[in-house]
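Novice: Before I ask anything, here is the structure I am working with.
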There are 2 protein chains.
Amino acid sequence: MSVGIRHDDLRRRNRAMVIAAVRQAGQPSRTEIAATTSLSHSTISAISSDLIVEGILTESKPSEAGSLKRGRPQVGLSLNPEAAAVMTVVLSLNFLSVAVIDYAGQVVSEEQRRLDTLTMSRESLIGECTAIVRRRLADPDLDVRSIARIALAIQGITDTRARAMLWSPITPHTDIAFADIFEDAFGIPAIMENDCNMMAVALRWRDPDRYRDDFIAILLSHGIGMGLVLKGELFTGTHSSGGEFGHMIHRPNGALCRCGRRGCVEAYAGNYAIWRNARQMGEDAEPVADVSDADMRALAAAAREGDGPEREAYRKAGEALGYGLGSLFALIDPAPVAMVGVSAAAFDLIEPALRQAIAQTAGGQHSKSISFDTEPNELPLIREGCAMRALIFVDQEIFAPGVQARGSAGKSVA
Amino acid sequence: MSVGIRHDDLRRRNRAMVIAAVRQAGQPSRTEIAATTSLSHSTISAISSDLIVEGILTESKPSEAGSLKRGRPQVGLSLNPEAAAVMTVVLSLNFLSVAVIDYAGQVVSEEQRRLDTLTMSRESLIGECTAIVRRRLADPDLDVRSIARIALAIQGITDTRARAMLWSPITPHTDIAFADIFEDAFGIPAIMENDCNMMAVALRWRDPDRYRDDFIAILLSHGIGMGLVLKGELFTGTHSSGGEFGHMIHRPNGALCRCGRRGCVEAYAGNYAIWRNARQMGEDAEPVADVSDADMRALAAAAREGDGPEREAYRKAGEALGYGLGSLFALIDPAPVAMVGVSAAAFDLIEPALRQAIAQTAGGQHSKSISFDTEPNELPLIREGCAMRALIFVDQEIFAPGVQARGSAGKSVA
DNA sequence: CAGTGTTTTTTCGAGGCTCGAAAAAATAGG
DNA sequence: CCTATTTTTTCGAGCCTCGAAAAAACACTG
């Protein structure tokens, strides 16, 4: 089980460390890398000269404009955009989006497409996904050989091995091994990730000051999803993508949830639940298939207008989220929260009840120290997360390959 | 942040690996160690001969009786009991227990003592703990210099740094930095751990087949505690010992909990809650301070006798535990559960309602595959866990010391 | 009971890696 | 143009692990 460190692993790990340092810092000098990795200058020099020869890093002469320091100026090291490229595929309700991203993280090309995911057959869903990838790969400006990885994100449950979608609210079909399908079709390594986990990954790269070691990303959308980073690592379940915050039980035998069970947090805080309560349809009413973003915005506007069923619906959503977070905080200690998705724009309506509920829970001891941030648009986040995930795979597994693929518990975000 | 691997770390880590292999396997030969660590025979030979010279390992000639294999017989390596010793201190409600344990894990001496922890002053509580340790250290048979570590376990919340008890139900006093107190008093490194976490550690050593990478230990006692192992590592909160399963919210605004809040799982499943329901005192009744184990056993007997308030009380406990586990399983996926403590002996009364509740939750999809095991006596478990935790500290930090103490996320149980 | 086969353990040289010290490189200031 | 300063590279030393071969320790056989 626990495996010793072999001599050749040393170089591999330190190579990966140098690449990671460059990806994080942007344009660090060798001296800066030596400082962050606590390796000697000689070692960094040796490794980086290797990496430059291999075309993974490049020297970017003007390290920083106007650095009027006395001695030899630092030479910035940066990722060579042409070293590789990755492709992201984000499949969400009625929407499919692909992008090609170079090794430095810049979008090279993209394509988006509306679909009717809820009614499509299994074959045509898979077909659309492979077709859109094929079109991008056929782009004449693109060197297909450089595509080192495809990362696909989807709402729903994926397996820990990042091979398959197990279940998703956007389609009735289950157990689609997208990763295997892509690998077979294109011969490119692929992974299948959960959308909320990718949101969390992206937040960490966007704002490492706020989202560093411990934080929570909650998707307030038709359903409720969560991405959780604990101690610097993405938290996943043991078998699935895990973190099904939306299906923690808020009230035993409570409102009917889209998942068929009763009393889940989502059955109070999902868009369909807010809609159902605002329209006073009763907690047993069958969840509607979809509520448009425009409708949700109208609902929020009505709730802000005056005290009526709309406002009460948001209050109930806040209460469910608050108790849910309270239970979560009992397990993991409070942490900063990012609310993402359409209903994050209505967080002003949700927050009072949420804070009131959380104050009733174990996590509420530090209620005031729990801070919330909102981001209404989830799609760019998910894509960024996918891109980072794929690029880091390239960093580690392709540009710093080890003899054996040593599976480490959890997946480091950095 | 992420730190490179230096050349001298290599030996340190591989030394630690060899020691860990011996601790796990008991009496492995060098060849077996080479196999489990995937290091070469030469390396294992070099490291183990070092360790033998240093008195950490010993060669135990008869590797196994009657091994009628053909070639040169394997020489078993075992931990030298005299290499070091550790001390465990378990402080629970009205009870204090200390033990000295040799490097091989055998109890050398012990002492137990009844206290009135609920009413004692802060000073006398600390005084009793240091006094009992001092008495053990004064044992003429004991070489005090060999005590390398003191591990103290307590019910309640400890900090992640394992220095202090932040809050405990066994005493009104808070924020007692026992680890620092012991270090100052005796000059021996000390740690402060949560009791349920130590239960989990011990279960893993007792039955590594069942309790390997992912499992849950739940203490059914006056309060409800949890120790959680995920992906082979003890799961702790980010600031505290975490995993406050007992204070997840079962019913918003529900029964009064000992913690002062309402609707916690514990307010239905803790001994005092079962007692309160069985005696039909109402959910708002102030929790009693303590219910004796004998009273609880009588309660269980009455519940088995016939359908009355006692049986209903256990049913409610099962329901709360079931929904709580269901919410937990939504986050981490289902895993084997060990029920520990007095009320684990009444698990037959709890299980039906528990399974029924869990079937209503997201985790319930695999309800049948969730298996429960019971262990009525928590104290030995807690002590074993403490001992292992302290011994592994000695293995890693004293017998395989690195230049820098590199804090890894989570604490490996192995 | 000596010889042979088998398995474990040790020995030894080779190859790699990181480190520290010193040298080389590149610039600003005088 | 020279000096001070900082960054980067070079080079030898010291470890560490590895593979191959040797040594050790026993069972089996005739």
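Labeling convention for the structure tokens: chains A, B, ... as they appear, residues from 1 per chain, ligands from 1 in order of appearance.
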What residues in chain B have any atom no more than 9 Å from chain C when counting only C-alpha atoms (C1' of nucleotides), and can you write them as a PyMOL selection string?

Specialist: chain B and resi 6-8+29-31+41-42+45-46+69-75

Novice: Starting from chain B, keep only residues with some atom at most 7 Å from an atom of chain A, counting only C-alpha atoms, and report them as an MDAnalysis selection string.

Specialist: chainID B and resid 1:6 10 14 17 36:39 231 237:239 242:245 247:249 251 261 323 327 330:333 360:362 409

Novice: For those residues, write N, CA and C atoms to a file as a tab-separated table (two decimals), in the first residue's frame.

Specialist:
chain	number	residue	atom	x	y	z
B	1	MET	N	4.69	27.62	-0.51
B	1	MET	CA	3.66	26.65	-0.14
B	1	MET	C	4.10	25.22	-0.50
B	2	SER	N	4.00	24.87	-1.77
B	2	SER	CA	4.42	23.52	-2.13
B	2	SER	C	5.94	23.47	-2.13
B	3	VAL	N	6.45	22.50	-1.46
B	3	VAL	CA	7.88	22.49	-1.21
B	3	VAL	C	8.55	21.32	-1.92
B	4	GLY	N	9.68	21.56	-2.51
B	4	GLY	CA	10.38	20.53	-3.26
B	4	GLY	C	10.92	19.44	-2.36
B	5	ILE	N	11.34	18.37	-2.97
B	5	ILE	CA	11.90	17.27	-2.20
B	5	ILE	C	13.41	17.36	-2.23
B	6	ARG	N	13.99	17.41	-1.07
B	6	ARG	CA	15.43	17.51	-0.99
B	6	ARG	C	16.00	16.11	-0.91
B	10	LEU	N	14.79	11.91	1.16
B	10	LEU	CA	14.59	10.58	0.59
B	10	LEU	C	14.80	9.50	1.65
B	14	ASN	N	12.04	6.99	3.40
B	14	ASN	CA	12.11	5.56	3.22
B	14	ASN	C	12.35	4.84	4.55
B	17	MET	N	9.07	4.65	6.03
B	17	MET	CA	8.30	3.63	5.33
B	17	MET	C	8.62	2.24	5.87
B	36	THR	N	6.32	-4.72	-0.18
B	36	THR	CA	5.25	-3.76	0.12
B	36	THR	C	5.66	-2.32	-0.18
B	37	THR	N	6.93	-2.01	-0.02
B	37	THR	CA	7.35	-0.64	-0.27
B	37	THR	C	7.78	-0.42	-1.70
B	38	SER	N	7.96	-1.50	-2.44
B	38	SER	CA	8.47	-1.45	-3.80
B	38	SER	C	9.82	-0.75	-3.87
B	39	LEU	N	10.60	-0.91	-2.84
B	39	LEU	CA	11.99	-0.47	-2.88
B	39	LEU	C	12.84	-1.71	-3.14
B	231	LYS	N	-10.49	7.95	2.53
B	231	LYS	CA	-9.32	7.74	1.68
B	231	LYS	C	-8.08	7.46	2.51
B	237	GLY	N	-11.76	18.60	10.99
B	237	GLY	CA	-12.16	19.92	10.54
B	237	GLY	C	-10.93	20.74	10.20
B	238	THR	N	-11.18	21.96	9.76
B	238	THR	CA	-10.05	22.79	9.37
B	238	THR	C	-9.48	23.52	10.58
B	239	HIS	N	-10.32	23.79	11.55
B	239	HIS	CA	-9.82	24.48	12.75
B	239	HIS	C	-9.88	23.57	13.97
B	242	GLY	N	-13.30	18.60	14.45
B	242	GLY	CA	-14.30	18.43	13.40
B	242	GLY	C	-15.16	17.19	13.53
B	243	GLY	N	-15.93	16.94	12.48
B	243	GLY	CA	-16.77	15.77	12.46
B	243	GLY	C	-17.80	15.74	13.57
B	244	GLU	N	-18.40	16.89	13.84
B	244	GLU	CA	-19.40	16.94	14.90
B	244	GLU	C	-20.74	16.42	14.39
B	245	PHE	N	-20.72	15.14	14.08
B	245	PHE	CA	-21.92	14.50	13.55
B	245	PHE	C	-23.13	14.72	14.44
B	247	HIS	N	-24.06	17.07	16.05
B	247	HIS	CA	-24.70	18.39	16.00
B	247	HIS	C	-25.09	18.82	14.59
B	248	MET	N	-25.16	17.85	13.70
B	248	MET	CA	-25.87	18.12	12.46
B	248	MET	C	-27.34	18.31	12.84
B	249	ILE	N	-28.05	19.10	12.04
B	249	ILE	CA	-29.44	19.39	12.39
B	249	ILE	C	-30.35	18.31	11.82
B	251	ARG	N	-33.84	18.07	12.95
B	251	ARG	CA	-35.12	18.76	12.76
B	251	ARG	C	-34.97	20.22	13.18
B	261	ARG	N	-28.62	24.32	21.53
B	261	ARG	CA	-29.37	24.53	20.30
B	261	ARG	C	-30.52	23.52	20.20
B	323	TYR	N	-31.32	9.66	9.48
B	323	TYR	CA	-31.32	10.86	8.63
B	323	TYR	C	-29.97	11.55	8.66
B	327	SER	N	-27.62	12.25	5.42
B	327	SER	CA	-27.05	13.52	5.00
B	327	SER	C	-25.53	13.41	4.87
B	330	ALA	N	-24.68	11.69	1.76
B	330	ALA	CA	-24.83	12.55	0.59
B	330	ALA	C	-23.51	13.24	0.30
B	331	LEU	N	-22.77	13.55	1.33
B	331	LEU	CA	-21.52	14.27	1.15
B	331	LEU	C	-20.34	13.35	0.82
B	332	ILE	N	-20.29	12.19	1.47
B	332	ILE	CA	-19.06	11.39	1.37
B	332	ILE	C	-19.25	10.02	0.76
B	333	ASP	N	-20.43	9.67	0.32
B	333	ASP	CA	-20.76	8.32	-0.13
B	333	ASP	C	-20.81	7.36	1.07
B	360	GLN	N	-34.75	6.76	3.08
B	360	GLN	CA	-35.41	7.96	2.56
B	360	GLN	C	-34.41	8.99	2.05
B	361	THR	N	-33.13	8.69	2.15
B	361	THR	CA	-32.11	9.70	1.83
B	361	THR	C	-31.29	9.30	0.61
B	362	ALA	N	-30.45	10.25	0.20
B	362	ALA	CA	-29.62	10.01	-0.97
B	362	ALA	C	-28.68	8.84	-0.75
B	409	ALA	N	-1.28	17.67	4.66
B	409	ALA	CA	-2.71	17.84	4.90
B	409	ALA	C	-3.28	16.56	5.45

Novice: Taking only C-alpha atoms (C1' of nucleotides) into account, find every residue of chain D that has an atom no more than 12 Å from chain B, and write it out as a PyMOL selection string.

Specialist: chain D and resi 14-20+23-28

Novice: Report the distance between CA of Ala83 in chain B and CA of Ile56 in chain B in Å, rounded to one decimal place.

Specialist: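 CA of Ile56 in chain B lies 5.3 Å from CA of Ala83 in chain B.
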
Novice: As an MDAnalysis selection string, please: all residues of range 29-73 of chain A that backbone DSSP puts in alpha helix (DSSP H).

Specialist: chainID A and resid 30:37 41:53

Novice: Selected residues, all heavy atoms, written as a compact mmCIF listing (two decimals), in the first residue's frame, please.

Specialist:
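Okay, again27.txt is ready:
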# COMPACT_ATOMS: atom_id res chain seq x y z
N ARG A 30 14.11 32.35 -11.76
CA ARG A 30 14.65 31.13 -11.14
C ARG A 30 14.83 31.33 -9.65
O ARG A 30 14.57 30.42 -8.85
CB ARG A 30 15.97 30.77 -11.80
CG ARG A 30 15.83 30.33 -13.24
CD ARG A 30 17.21 30.28 -13.89
NE ARG A 30 17.20 29.72 -15.24
CZ ARG A 30 16.85 30.40 -16.32
NH1 ARG A 30 16.47 31.64 -16.23
NH2 ARG A 30 16.89 29.82 -17.51
N THR A 31 15.25 32.51 -9.29
CA THR A 31 15.47 32.77 -7.86
C THR A 31 14.16 32.69 -7.08
O THR A 31 14.11 32.11 -5.99
CB THR A 31 16.08 34.17 -7.68
OG1 THR A 31 17.20 34.29 -8.55
CG2 THR A 31 16.52 34.37 -6.25
N GLU A 32 13.09 33.22 -7.66
CA GLU A 32 11.80 33.14 -6.97
C GLU A 32 11.34 31.70 -6.83
O GLU A 32 10.80 31.30 -5.80
CB GLU A 32 10.75 33.95 -7.74
CG GLU A 32 10.85 35.45 -7.51
CD GLU A 32 10.00 36.23 -8.51
OE1 GLU A 32 8.97 35.68 -8.98
OE2 GLU A 32 10.37 37.36 -8.81
N ILE A 33 11.57 30.93 -7.88
CA ILE A 33 11.16 29.52 -7.81
C ILE A 33 11.95 28.80 -6.72
O ILE A 33 11.41 28.03 -5.94
CB ILE A 33 11.39 28.82 -9.17
CG1 ILE A 33 10.52 29.48 -10.23
CG2 ILE A 33 11.06 27.35 -9.06
CD1 ILE A 33 10.77 28.96 -11.62
N ALA A 34 13.24 29.11 -6.67
CA ALA A 34 14.06 28.48 -5.63
C ALA A 34 13.51 28.82 -4.26
O ALA A 34 13.48 27.97 -3.36
CB ALA A 34 15.51 28.95 -5.77
N ALA A 35 13.05 30.05 -4.10
CA ALA A 35 12.53 30.46 -2.79
C ALA A 35 11.24 29.71 -2.46
O ALA A 35 11.09 29.19 -1.36
CB ALA A 35 12.29 31.96 -2.78
N THR A 36 10.30 29.64 -3.42
CA THR A 36 9.02 29.00 -3.09
C THR A 36 9.14 27.50 -2.93
O THR A 36 8.41 26.91 -2.15
CB THR A 36 7.95 29.30 -4.16
OG1 THR A 36 8.40 28.80 -5.41
CG2 THR A 36 7.67 30.78 -4.28
N THR A 37 10.05 26.88 -3.67
CA THR A 37 10.16 25.43 -3.55
C THR A 37 11.17 25.01 -2.50
O THR A 37 11.24 23.84 -2.15
CB THR A 37 10.60 24.80 -4.89
OG1 THR A 37 11.84 25.37 -5.26
CG2 THR A 37 9.58 25.05 -5.97
N HIS A 41 19.42 26.87 -5.80
CA HIS A 41 19.48 27.52 -7.10
C HIS A 41 20.03 26.58 -8.17
O HIS A 41 19.57 26.58 -9.30
CB HIS A 41 20.36 28.77 -7.01
CG HIS A 41 19.72 29.89 -6.26
ND1 HIS A 41 20.18 31.16 -6.28
CD2 HIS A 41 18.61 29.91 -5.49
CE1 HIS A 41 19.42 31.93 -5.53
NE2 HIS A 41 18.46 31.19 -5.04
N SER A 42 21.00 25.80 -7.78
CA SER A 42 21.59 24.89 -8.76
C SER A 42 20.54 23.94 -9.32
O SER A 42 20.46 23.72 -10.53
CB SER A 42 22.70 24.07 -8.13
OG SER A 42 23.07 24.56 -6.89
N THR A 43 19.74 23.41 -8.43
CA THR A 43 18.72 22.45 -8.86
C THR A 43 17.71 23.12 -9.79
O THR A 43 17.38 22.59 -10.86
CB THR A 43 17.99 21.86 -7.64
OG1 THR A 43 18.97 21.30 -6.77
CG2 THR A 43 17.00 20.82 -8.06
N ILE A 44 17.24 24.28 -9.38
CA ILE A 44 16.27 24.99 -10.21
C ILE A 44 16.88 25.30 -11.58
O ILE A 44 16.24 25.15 -12.62
CB ILE A 44 15.83 26.30 -9.53
CG1 ILE A 44 15.19 26.01 -8.19
CG2 ILE A 44 14.85 27.06 -10.43
CD1 ILE A 44 13.99 25.13 -8.24
N SER A 45 18.12 25.71 -11.55
CA SER A 45 18.79 26.03 -12.80
C SER A 45 18.82 24.81 -13.72
O SER A 45 18.48 24.89 -14.90
CB SER A 45 20.21 26.51 -12.51
OG SER A 45 20.86 26.86 -13.69
N ALA A 46 19.20 23.67 -13.15
CA ALA A 46 19.29 22.46 -13.95
C ALA A 46 17.92 22.06 -14.50
O ALA A 46 17.77 21.79 -15.70
CB ALA A 46 19.86 21.33 -13.10
N ILE A 47 16.94 22.07 -13.63
CA ILE A 47 15.61 21.63 -14.06
C ILE A 47 15.04 22.59 -15.10
O ILE A 47 14.52 22.17 -16.14
CB ILE A 47 14.65 21.52 -12.85
CG1 ILE A 47 15.10 20.37 -11.94
CG2 ILE A 47 13.22 21.29 -13.32
CD1 ILE A 47 14.27 20.21 -10.70
N SER A 48 15.17 23.88 -14.85
CA SER A 48 14.54 24.80 -15.79
C SER A 48 15.25 24.80 -17.13
O SER A 48 14.60 24.97 -18.16
CB SER A 48 14.45 26.21 -15.20
OG SER A 48 15.68 26.62 -14.68
N SER A 49 16.56 24.58 -17.11
CA SER A 49 17.21 24.53 -18.42
C SER A 49 16.74 23.30 -19.20
O SER A 49 16.54 23.36 -20.41
CB SER A 49 18.73 24.57 -18.28
OG SER A 49 19.27 23.29 -18.29
N ASP A 50 16.52 22.20 -18.49
CA ASP A 50 15.90 21.03 -19.15
C ASP A 50 14.56 21.41 -19.76
O ASP A 50 14.27 21.11 -20.92
CB ASP A 50 15.65 19.92 -18.12
CG ASP A 50 16.91 19.13 -17.81
OD1 ASP A 50 17.96 19.48 -18.37
OD2 ASP A 50 16.83 18.20 -17.00
N LEU A 51 13.73 22.05 -18.95
CA LEU A 51 12.36 22.34 -19.38
C LEU A 51 12.35 23.30 -20.57
O LEU A 51 11.47 23.22 -21.44
CB LEU A 51 11.55 22.94 -18.21
CG LEU A 51 11.26 21.97 -17.06
CD1 LEU A 51 10.63 22.69 -15.88
CD2 LEU A 51 10.34 20.85 -17.53
N ILE A 52 13.32 24.21 -20.60
CA ILE A 52 13.39 25.14 -21.73
C ILE A 52 13.80 24.39 -23.00
O ILE A 52 13.21 24.56 -24.06
CB ILE A 52 14.38 26.28 -21.42
CG1 ILE A 52 13.76 27.21 -20.36
CG2 ILE A 52 14.67 27.09 -22.68
CD1 ILE A 52 14.72 28.22 -19.80
N VAL A 53 14.79 23.52 -22.86
CA VAL A 53 15.22 22.73 -24.01
C VAL A 53 14.05 21.89 -24.55
O VAL A 53 13.87 21.76 -25.75
CB VAL A 53 16.41 21.81 -23.63
CG1 VAL A 53 16.66 20.78 -24.72
CG2 VAL A 53 17.64 22.66 -23.36

Novice: Among the residues of range 42-136 of chain A, find those DSSP assigns to strand (DSSP E or B) from the backbone and print them as a PyMOL selection string.

Specialist: chain A and resi 57-60+76-79+85-92+95-102+107-114

Novice: Mind dumping the selected residues with N, CA and C atoms as an mmCIF file, in the first residue's frame?

Specialist:
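See result_1.cif below for the written result:
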data_model
loop_
_atom_site.group_PDB
_atom_site.id
_atom_site.type_symbol
_atom_site.label_atom_id
_atom_site.label_comp_id
_atom_site.auth_asym_id
_atom_site.auth_seq_id
_atom_site.Cartn_x
_atom_site.Cartn_y
_atom_site.Cartn_z
ATOM 1 N N LEU A 57 8.966 25.383 -21.030
ATOM 2 C CA LEU A 57 9.050 26.758 -20.534
ATOM 3 C C LEU A 57 9.768 27.626 -21.561
ATOM 4 N N THR A 58 9.538 28.921 -21.458
ATOM 5 C CA THR A 58 10.317 29.865 -22.264
ATOM 6 C C THR A 58 10.826 30.967 -21.347
ATOM 7 N N GLU A 59 11.938 31.556 -21.772
ATOM 8 C CA GLU A 59 12.436 32.717 -21.040
ATOM 9 C C GLU A 59 11.769 33.955 -21.614
ATOM 10 N N SER A 60 11.159 34.716 -20.748
ATOM 11 C CA SER A 60 10.515 35.948 -21.220
ATOM 12 C C SER A 60 11.358 37.110 -20.723
ATOM 13 N N GLY A 76 12.471 36.207 -16.395
ATOM 14 C CA GLY A 76 11.206 35.552 -16.096
ATOM 15 C C GLY A 76 11.066 34.243 -16.837
ATOM 16 N N LEU A 77 10.490 33.262 -16.196
ATOM 17 C CA LEU A 77 10.190 31.996 -16.866
ATOM 18 C C LEU A 77 8.684 31.928 -17.036
ATOM 19 N N SER A 78 8.247 31.556 -18.219
ATOM 20 C CA SER A 78 6.800 31.409 -18.381
ATOM 21 C C SER A 78 6.500 30.147 -19.166
ATOM 22 N N LEU A 79 5.253 29.733 -19.091
ATOM 23 C CA LEU A 79 4.838 28.526 -19.783
ATOM 24 C C LEU A 79 4.834 28.808 -21.277
ATOM 25 N N ALA A 85 -1.851 21.825 -25.754
ATOM 26 C CA ALA A 85 -3.154 22.473 -25.651
ATOM 27 C C ALA A 85 -4.123 21.463 -25.058
ATOM 28 N N VAL A 86 -5.194 21.960 -24.501
ATOM 29 C CA VAL A 86 -6.217 21.058 -23.967
ATOM 30 C C VAL A 86 -7.575 21.514 -24.469
ATOM 31 N N MET A 87 -8.547 20.647 -24.337
ATOM 32 C CA MET A 87 -9.886 20.989 -24.771
ATOM 33 C C MET A 87 -10.849 20.815 -23.603
ATOM 34 N N THR A 88 -11.748 21.782 -23.432
ATOM 35 C CA THR A 88 -12.769 21.656 -22.404
ATOM 36 C C THR A 88 -14.128 21.491 -23.061
ATOM 37 N N VAL A 89 -14.932 20.647 -22.448
ATOM 38 C CA VAL A 89 -16.294 20.425 -22.930
ATOM 39 C C VAL A 89 -17.212 20.583 -21.727
ATOM 40 N N VAL A 90 -18.090 21.559 -21.782
ATOM 41 C CA VAL A 90 -19.017 21.757 -20.676
ATOM 42 C C VAL A 90 -20.418 21.452 -21.160
ATOM 43 N N LEU A 91 -21.008 20.446 -20.553
ATOM 44 C CA LEU A 91 -22.355 20.037 -20.947
ATOM 45 C C LEU A 91 -23.307 20.389 -19.816
ATOM 46 N N SER A 92 -24.217 21.314 -20.099
ATOM 47 C CA SER A 92 -25.186 21.673 -19.074
ATOM 48 C C SER A 92 -26.587 21.616 -19.684
ATOM 49 N N PHE A 95 -27.411 22.970 -23.202
ATOM 50 C CA PHE A 95 -26.316 23.801 -23.679
ATOM 51 C C PHE A 95 -25.004 23.018 -23.684
ATOM 52 N N LEU A 96 -24.279 23.184 -24.780
ATOM 53 C CA LEU A 96 -23.010 22.482 -24.930
ATOM 54 C C LEU A 96 -21.956 23.491 -25.365
ATOM 55 N N SER A 97 -20.818 23.474 -24.734
ATOM 56 C CA SER A 97 -19.802 24.492 -24.999
ATOM 57 C C SER A 97 -18.418 23.857 -24.987
ATOM 58 N N VAL A 98 -17.656 24.135 -26.023
ATOM 59 C CA VAL A 98 -16.308 23.571 -26.132
ATOM 60 C C VAL A 98 -15.309 24.695 -26.289
ATOM 61 N N ALA A 99 -14.111 24.476 -25.830
ATOM 62 C CA ALA A 99 -13.058 25.463 -26.045
ATOM 63 C C ALA A 99 -11.720 24.758 -26.130
ATOM 64 N N VAL A 100 -10.823 25.334 -26.950
ATOM 65 C CA VAL A 100 -9.446 24.864 -27.008
ATOM 66 C C VAL A 100 -8.594 25.888 -26.268
ATOM 67 N N ILE A 101 -7.741 25.413 -25.387
ATOM 68 C CA ILE A 101 -6.955 26.302 -24.541
ATOM 69 C C ILE A 101 -5.485 25.941 -24.656
ATOM 70 N N ASP A 102 -4.644 26.971 -24.847
ATOM 71 C CA ASP A 102 -3.220 26.664 -25.000
ATOM 72 C C ASP A 102 -2.574 26.398 -23.646
ATOM 73 N N VAL A 107 -7.602 30.980 -24.215
ATOM 74 C CA VAL A 107 -8.552 30.341 -25.117
ATOM 75 C C VAL A 107 -8.104 30.558 -26.562
ATOM 76 N N VAL A 108 -8.017 29.477 -27.296
ATOM 77 C CA VAL A 108 -7.576 29.547 -28.687
ATOM 78 C C VAL A 108 -8.776 29.581 -29.626
ATOM 79 N N SER A 109 -9.738 28.729 -29.357
ATOM 80 C CA SER A 109 -10.951 28.753 -30.169
ATOM 81 C C SER A 109 -12.083 28.148 -29.368
ATOM 82 N N GLU A 110 -13.311 28.461 -29.745
ATOM 83 C CA GLU A 110 -14.435 27.907 -28.997
ATOM 84 C C GLU A 110 -15.672 27.767 -29.862
ATOM 85 N N GLU A 111 -16.617 27.017 -29.360
ATOM 86 C CA GLU A 111 -17.875 26.817 -30.067
ATOM 87 C C GLU A 111 -18.956 26.480 -29.049
ATOM 88 N N GLN A 112 -20.154 27.031 -29.261
ATOM 89 C CA GLN A 112 -21.243 26.761 -28.334
ATOM 90 C C GLN A 112 -22.463 26.338 -29.121
ATOM 91 N N ARG A 113 -23.378 25.698 -28.451
ATOM 92 C CA ARG A 113 -24.494 25.094 -29.178
ATOM 93 C C ARG A 113 -25.648 24.806 -28.223
ATOM 94 N N ARG A 114 -26.863 25.111 -28.664
ATOM 95 C CA ARG A 114 -28.052 24.778 -27.869
ATOM 96 C C ARG A 114 -28.528 23.374 -28.220
#

Novice: With only C-alpha atoms (C1' of nucleotides) as the counted atoms, please give the residues lying no more than 10 Å from Arg149 in chain A, apart from itself and same-chain residues fewer than 5 positions off, as a PyMOL selection string.

Specialist: chain A and resi 84-88+183+187-191+387+389-391+393-394+398

Novice: Would you mind reading off the distance between CA of Ala269 in chain B and CA of Gly318 in chain B, one decimal, in Å?

Specialist: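 According to the coordinates, CA of Ala269 in chain B and CA of Gly318 in chain B are separated by 7.1 Å.
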
Novice: Could you jot down the CA of Arg383 in chain B to CA of Asn197 in chain B separation for me, Å, one decimal place?

Specialist: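 Atom-to-atom, CA of Arg383 in chain B to CA of Asn197 in chain B, that is 11.1 Å.
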
Novice: Mind checking which residues fall within 10 Å of Trp275 in chain B, counting only C-alpha atoms (C1' of nucleotides), ignoring those fewer than 3 positions away in the same chain, and posting them as a ChimeraX atom specification?

Specialist: /B:222,268-272,278-281,287-288,290-291,295-296,299,309-310,313-314
